[in-house]
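Colleague: Pasting a structure below so you can have a look.
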Amino acid sequence: MARTLDAIISELDPGYAGSRTTAQNQINALPGETQSQLDGLKATAEQSHEDILGGARRRGLGFGGIPIGEQVKYDSTVFKPAVANLYSAQNARRSSLEESLNALYRDQRQQALGIQQTELSRDEQQRQFNENMAFQREQMARQEAEAARDRAAASTAGIGSYFGGGGGGTQAKSGGTAQMSQRGDKGFSFTDANGNAISAATFAKTKGIEFRALLDQMAKAGDKGAAQALGYVGNDFGVNNDKLRQEGRDVSNALYVDQTRKLLNALLW
């Protein structure tokens, strides 16, 4: 998730703090530096005044008083311009340092904005990817559901092709009124014209259809017992007992073989 701008700026801060501190310290030092230079100019001016007075005395003019005119001339032509230049240089230096300091803040913010934009773009790409994956999963789920419905419809249609309609309680086109219906456990029940229970084999004989074809359609409709029985019975309603005996020799298969025999008996009685 993209971070806030303040969080990114804080992370970048160590890389800029040193340069900012240096620039700020230089700004803070300017008044002291200026004052030191100003003191030097004042000392130079005082010395110049003394030199002017000493020169006047050597020329025999000192007894007439301090040569104010020469001192004023010095102040106006040398001292005051020097002081003005000093303050001008200080202001220029301050402006330059403050601009450097501001540039550091701007650069840090711009870099943080770039990082944040990258993170926002990454989040957007991830969001689009997640949406696309969710859409694909929904599409696959719908397709699978449709395929399952198609398979169920095909199974029911297969049963109906034999018995004149859907699987549950369907009446035959010919051969009496024997009926079959699918239970909730996907298995099938069969009844004769009088509503008495009959076996799948009897139903197939009554309808005049192949027994294995009936079992195949039952298996496609979800009857696991019919699918299992297909491995052992033929259209002549005979059971492959040799196969059952062979499988029964393995102790681990004993229960399965016993259940299979019971299943076949239920289908063939």
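Residue names in the structure tokens use chain letters A, B, ... in the order shown, residue numbers from 1 in each chain, and ligand numbers from 1 in the order shown.
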Give me every strand (DSSP E) residue in stretch 47-245 of chain A, going by DSSP on the backbone, as an mmCIF file with C-alpha atoms, in the first residue's frame.

Modeller:
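File part18.cif, as written:
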data_model
loop_
_atom_site.group_PDB
_atom_site.id
_atom_site.type_symbol
_atom_site.label_atom_id
_atom_site.label_comp_id
_atom_site.auth_asym_id
_atom_site.auth_seq_id
_atom_site.Cartn_x
_atom_site.Cartn_y
_atom_site.Cartn_z
ATOM 1 C CA THR A 170 -40.755 -41.458 -16.410
ATOM 2 C CA GLN A 171 -43.270 -43.590 -18.269
ATOM 3 C CA GLN A 179 -41.448 -46.595 -14.331
ATOM 4 C CA MET A 180 -38.129 -45.471 -12.916
ATOM 5 C CA SER A 181 -37.370 -42.526 -10.622
ATOM 6 C CA GLN A 182 -34.149 -41.079 -9.282
ATOM 7 C CA PHE A 188 -32.774 -45.210 -9.061
ATOM 8 C CA SER A 189 -35.928 -47.069 -8.046
ATOM 9 C CA PHE A 190 -38.071 -49.124 -10.432
ATOM 10 C CA THR A 191 -41.751 -50.134 -10.314
ATOM 11 C CA ALA A 197 -40.889 -52.601 -6.827
ATOM 12 C CA ILE A 198 -38.858 -54.391 -9.491
#

Colleague: Find the residues around A:Gly225 up to 12 Å (only C-alpha atoms counted), leave out those fewer than 6 positions away in its own chain, and share them as an mmCIF file with C-alpha atoms, in the first residue's frame.

Modeller:
data_model
loop_
_atom_site.group_PDB
_atom_site.id
_atom_site.type_symbol
_atom_site.label_atom_id
_atom_site.label_comp_id
_atom_site.auth_asym_id
_atom_site.auth_seq_id
_atom_site.Cartn_x
_atom_site.Cartn_y
_atom_site.Cartn_z
ATOM 1 C CA ASP A 185 -28.905 -40.173 -3.274
ATOM 2 C CA LYS A 186 -28.691 -40.304 -7.115
ATOM 3 C CA GLY A 187 -29.708 -43.967 -7.151
ATOM 4 C CA PHE A 188 -32.774 -45.210 -9.061
ATOM 5 C CA ALA A 200 -33.213 -52.764 -12.834
ATOM 6 C CA LEU A 215 -26.721 -48.984 -16.367
ATOM 7 C CA ASP A 216 -24.612 -46.592 -18.448
ATOM 8 C CA GLN A 217 -27.337 -43.945 -18.490
ATOM 9 C CA MET A 218 -27.935 -44.414 -14.770
ATOM 10 C CA ALA A 219 -24.201 -43.964 -14.135
ATOM 11 C CA GLY A 231 -17.545 -53.647 -14.484
ATOM 12 C CA TYR A 232 -19.177 -56.987 -13.737
ATOM 13 C CA GLN A 259 -20.526 -54.976 -1.287
ATOM 14 C CA THR A 260 -20.325 -55.479 -5.044
ATOM 15 C CA ARG A 261 -22.108 -58.840 -4.815
ATOM 16 C CA LYS A 262 -24.891 -57.268 -2.760
ATOM 17 C CA LEU A 263 -25.170 -54.432 -5.277
ATOM 18 C CA LEU A 264 -25.424 -56.839 -8.205
ATOM 19 C CA ASN A 265 -28.045 -58.882 -6.401
ATOM 20 C CA ALA A 266 -30.076 -55.699 -5.887
ATOM 21 C CA LEU A 267 -29.887 -54.886 -9.591
#

Colleague: Leaving out A:Gln116 and any residue of its chain fewer than 4 positions from it, which residues lie within 12 Å of it when counting only C-alpha atoms, given as a list in words?

Modeller: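 Non-adjacent residues within range: Met1, Ala2, Arg3, Thr4, Leu5, Asp6, Ala7, Ile8, Ile9, Glu11, Arg109, Gln110, Gln111, Ala112, Leu120, Ser121, Arg122 and Asp123 of chain A.
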
Colleague: Using only C-alpha atoms, determine which residues lie at most 12 Å from stretch 233-243 of chain A, disregarding the query and same-chain residues fewer than 5 positions distant; provide the list as a PDB file with C-alpha atoms, in the first residue's frame.

Modeller:
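Contents of the output file part.pdb:
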ATOM      1  CA  SER A 199     -35.143 -54.689 -10.218  1.00  0.00           C
ATOM      2  CA  ALA A 200     -33.213 -52.764 -12.834  1.00  0.00           C
ATOM      3  CA  ALA A 201     -32.817 -55.994 -14.783  1.00  0.00           C
ATOM      4  CA  THR A 202     -36.581 -56.595 -14.796  1.00  0.00           C
ATOM      5  CA  PHE A 203     -37.138 -52.986 -15.878  1.00  0.00           C
ATOM      6  CA  ALA A 204     -34.704 -53.412 -18.796  1.00  0.00           C
ATOM      7  CA  LYS A 205     -36.416 -56.641 -19.851  1.00  0.00           C
ATOM      8  CA  GLY A 208     -36.766 -54.264 -24.198  1.00  0.00           C
ATOM      9  CA  ILE A 209     -33.530 -52.326 -23.839  1.00  0.00           C
ATOM     10  CA  GLU A 210     -29.956 -53.451 -23.293  1.00  0.00           C
ATOM     11  CA  PHE A 211     -29.140 -53.849 -19.620  1.00  0.00           C
ATOM     12  CA  ARG A 212     -25.690 -52.257 -19.888  1.00  0.00           C
ATOM     13  CA  ALA A 213     -27.168 -49.312 -21.808  1.00  0.00           C
ATOM     14  CA  LEU A 214     -29.561 -48.759 -18.897  1.00  0.00           C
ATOM     15  CA  LEU A 215     -26.721 -48.984 -16.367  1.00  0.00           C
ATOM     16  CA  ASP A 216     -24.612 -46.592 -18.448  1.00  0.00           C
ATOM     17  CA  ALA A 226     -24.646 -48.485 -11.631  1.00  0.00           C
ATOM     18  CA  ALA A 227     -21.162 -47.271 -12.552  1.00  0.00           C
ATOM     19  CA  GLN A 228     -19.653 -49.960 -10.320  1.00  0.00           C
ATOM     20  CA  GLY A 248     -11.762 -61.505  -3.545  1.00  0.00           C
ATOM     21  CA  ARG A 249      -8.477 -63.367  -3.086  1.00  0.00           C
ATOM     22  CA  ASP A 250      -6.931 -60.119  -1.921  1.00  0.00           C
ATOM     23  CA  VAL A 257     -16.211 -57.582  -3.306  1.00  0.00           C
ATOM     24  CA  ASP A 258     -18.906 -58.371  -0.729  1.00  0.00           C
ATOM     25  CA  THR A 260     -20.325 -55.479  -5.044  1.00  0.00           C
ATOM     26  CA  ARG A 261     -22.108 -58.840  -4.815  1.00  0.00           C
ATOM     27  CA  LEU A 263     -25.170 -54.432  -5.277  1.00  0.00           C
ATOM     28  CA  LEU A 264     -25.424 -56.839  -8.205  1.00  0.00           C
ATOM     29  CA  ASN A 265     -28.045 -58.882  -6.401  1.00  0.00           C
ATOM     30  CA  LEU A 267     -29.887 -54.886  -9.591  1.00  0.00           C
ATOM     31  CA  LEU A 268     -30.607 -58.389 -10.846  1.00  0.00           C
ATOM     32  CA  TRP A 269     -33.209 -59.899  -8.493  1.00  0.00           C
TER      33      TRP A 269
END

Colleague: Which is closest to A:Tyr74 among A:Thr44, A:Ser95, A:Asn253, A:Gln90, if we use only C-alpha atoms?

Modeller: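 Of the candidates, the smallest distance to A:Tyr74 is held by A:Thr44.
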
Colleague: For atom CA of A:Ala45 and atom CA of A:Val78, determine how far apart the two atoms are, in Å to one decimal place.

Modeller: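 According to the coordinates, atom CA of A:Ala45 and atom CA of A:Val78 are separated by 8.4 Å.
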
Colleague: Find the residues of stretch 28-91 of chain A that sit at most 12 Å from stretch 97-102 of chain A; for each, write down the nearest two atoms and how far apart they are in Å, to one decimal. Count only C-alpha atoms. Sort by chain, then by number going up, and give it as a tab-separated table.

Modeller:
residue	atom	partner	partner_atom	distance
A:Asn28	CA	A:Leu97	CA	10.2
A:Ala29	CA	A:Leu97	CA	11.3
A:Leu30	CA	A:Leu97	CA	10.2
A:Gln90	CA	A:Leu97	CA	10.5
A:Asn91	CA	A:Leu97	CA	9.9

Colleague: Selection from above, C-alpha atoms, as a PDB file, in the first residue's frame, can you write it?

Modeller:
ATOM      1  CA  ASN A  28      23.171  31.522  11.503  1.00  0.00           C
ATOM      2  CA  ALA A  29      26.854  32.491  11.402  1.00  0.00           C
ATOM      3  CA  LEU A  30      26.339  35.422   9.023  1.00  0.00           C
ATOM      4  CA  GLN A  90      25.943  39.633   3.690  1.00  0.00           C
ATOM      5  CA  ASN A  91      22.448  39.932   2.180  1.00  0.00           C
TER       6      ASN A  91
END

Colleague: Enumerate as a list in words all residues of stretch 177-236 of chain A assigned to helix (DSSP H, G or I) by DSSP on the backbone, naming them with the chain letters and numbers the document uses.

Modeller: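 Taking stretch 177-236 of chain A and keeping helix (DSSP H, G or I) only, one gets Ala200, Ala201, Thr202, Phe203, Ala204, Lys205, Thr206, Lys207, Phe211, Arg212, Ala213, Leu214, Leu215, Asp216, Gln217, Met218, Ala219, Lys220, Lys224, Gly225, Ala226, Ala227, Gln228 and Ala229 of chain A.
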